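Novice: Can you read through this structure? Questions will come right after.
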Amino acid sequence: MAKQVKPEREWVVFSDPMDSNHRWEVDVTFLASSWECIFGCGCQGVRDEPTPEMVQGCCSYGAHFEDAKDRDRVVRAAKRLTDDEWQFKDAGEKRGIFATVGPTSWRTRKVEDACIFLNRPEFAAGPGCALHLHSLNNPTVHFSKLKPDVCWQLPLRIDHRIEEDDDSEVSTLTEFGRDGWGEGGDDLAWWCTEEPEAFSGTRPVYRSMETELRAMVGDALYDAIAAYLDARLQNARSAPAAHPSVASVTISDRRTTRR
């Protein structure tokens, strides 16, 4: 049975600098952690059994698009890929890069039982996302401009809700856990934010994923979050507790601070 992790963690509430009727609940436990993507370097994949030899990461099932705008942006990005960047370029050009899964829902099409953009180990350029490879080959183009939203945002996640008492908007910024996969999340044999092997980065998440976070929450809010966490991490006595996946003791309280 898949391991279930239901960690307690520390949250900080920020007012949105651009909207007084909007506040953010920010998971500082994850943002201050040393998580980093270990695709191809120990990632076990997201199938129902560990499959590191397949080097598929979280690309086995195709990526669901946020909306038509997200879909169309990736369609345009695919046209920029070259033969030596994209193993399945011919298939993409012949049949398109997305499949329809509902009236207003689409995902990247699958080829050979994984995402059409996933280059396999036998490909000359090696395994990995063709869109990500194009970004590496063109450093002025960040991969967030090319990949589906869910792909470049992982393992970050934002959820929105409206408070009934005052109609204010509350957004939660946290990690993308098993529940982000829906009902299938419990069947994953491995998920990176639960495993200590993935917490091996040299920088905290809010710095290593700065570009992504700025795109997700805006520059003003990002600067406020970063300033707060910089101050916390500069003083060992006030640093956020270690992420539950690597902590040697159980985090037993949920502390909430307003900013």
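Ligands are numbered from 1 in the order shown, residues from 1 within each chain, and chains are lettered A, B, ... in the order they appear in the structure tokens.
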Quick one: DSSP helix (DSSP H, G or I) residues in range 120-257 of chain A, as an MDAnalysis selection string?

Specialist: chainID A and resid 130:137 143:145 149:153 178:187 192:194 196:198 205:208 210:217 219:234 236:238

Novice: Just list the residues in range 10-245 of chain A DSSP gives strand (DSSP E) on the backbone, as an NGL selection string.

Specialist: :A and (11-15 or 22-27 or 98-102 or 105-108 or 110-111 or 114-115 or 118-119 or 128-129 or 156-162 or 169-175)

Novice: Extract, using only C-alpha atoms, all DNA, RNA and protein residues at most 10 Å from Asp84 in chain A, discarding same-chain residues fewer than 5 positions from it, and format them as an MDAnalysis selection string.

Specialist: chainID A and resid 89 123:125 130 133:134

Novice: Would you export the selected residues with C-alpha atoms as a PDB file, in the first residue's frame, please?

Specialist:
ATOM      1  CA  LYS A  89       8.032  15.188 -33.252  1.00  0.00           C
ATOM      2  CA  PHE A 123      16.831   9.067 -27.587  1.00  0.00           C
ATOM      3  CA  ALA A 124      20.127  10.665 -28.629  1.00  0.00           C
ATOM      4  CA  ALA A 125      19.606  13.679 -26.360  1.00  0.00           C
ATOM      5  CA  ALA A 130      11.409  17.930 -24.960  1.00  0.00           C
ATOM      6  CA  LEU A 133      15.266  20.550 -23.295  1.00  0.00           C
ATOM      7  CA  HIS A 134      14.375  23.356 -25.695  1.00  0.00           C
TER       8      HIS A 134
END

Novice: Might you pull out every residue within 12 Å of Glu210 in chain A, with only C-alpha atoms counted and same-chain residues fewer than 2 positions away left off, and present them as an MDAnalysis selection string?

Specialist: chainID A and resid 31 142 144 152:153 156 203:208 212:219 221:223 225:226

Novice: Between CA of Glu122 in chain A and CA of Trp190 in chain A, what is the spacing in Å?

Specialist: 23.9 Å

Novice: Which residue out of A:Tyr228, A:Arg80, A:Gly40, A:Asp187 has the minimum interatomic distance to Pro240 in chain A when only C-alpha atoms are used?

Specialist: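 When distances to Pro240 in chain A are compared using only C-alpha atoms, the smallest one comes from A:Tyr228.
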
Novice: Skip Ala91 in chain A itself and residues of its chain fewer than 2 positions away, then list as a list in words all residues within 12 Å of it, counting only C-alpha atoms.

Specialist: Ala78, Asp83, Trp86, Gln87, Phe88, Lys89, Glu93, Lys94, Arg95, Gly96, Ile97, Phe98, Arg109, Lys110, Val111, Glu112, Cys115, Ile116 and Phe117 of chain A

Novice: Let me see the file: selected residues, C-alpha atoms, as a PDB file, in the first residue's frame.

Specialist:
ATOM      1  CA  ALA A  78       5.686  22.440 -29.801  1.00  0.00           C
ATOM      2  CA  ASP A  83      14.114  16.856 -34.415  1.00  0.00           C
ATOM      3  CA  TRP A  86      11.831  15.912 -29.554  1.00  0.00           C
ATOM      4  CA  GLN A  87      11.780  12.167 -30.085  1.00  0.00           C
ATOM      5  CA  PHE A  88       8.107  12.082 -31.086  1.00  0.00           C
ATOM      6  CA  LYS A  89       8.032  15.188 -33.252  1.00  0.00           C
ATOM      7  CA  GLU A  93       2.884  16.877 -36.192  1.00  0.00           C
ATOM      8  CA  LYS A  94       0.666  14.140 -37.610  1.00  0.00           C
ATOM      9  CA  ARG A  95      -1.912  13.788 -34.839  1.00  0.00           C
ATOM     10  CA  GLY A  96      -1.445  16.837 -32.624  1.00  0.00           C
ATOM     11  CA  ILE A  97      -0.121  17.094 -29.085  1.00  0.00           C
ATOM     12  CA  PHE A  98      -3.316  16.959 -27.024  1.00  0.00           C
ATOM     13  CA  ARG A 109      -1.466  13.042 -25.778  1.00  0.00           C
ATOM     14  CA  LYS A 110       0.286   9.817 -24.814  1.00  0.00           C
ATOM     15  CA  VAL A 111       2.674   7.954 -27.099  1.00  0.00           C
ATOM     16  CA  GLU A 112       4.097   4.570 -26.096  1.00  0.00           C
ATOM     17  CA  CYS A 115       3.471  11.882 -22.456  1.00  0.00           C
ATOM     18  CA  ILE A 116       4.191  12.717 -26.070  1.00  0.00           C
ATOM     19  CA  PHE A 117       6.804  15.260 -24.973  1.00  0.00           C
TER      20      PHE A 117
END

Novice: Would you mind reading off the distance between CA of Thr193 in chain A and CA of Phe176 in chain A, one decimal, in Å?

Specialist: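 Those two atoms sit 8.0 Å apart.
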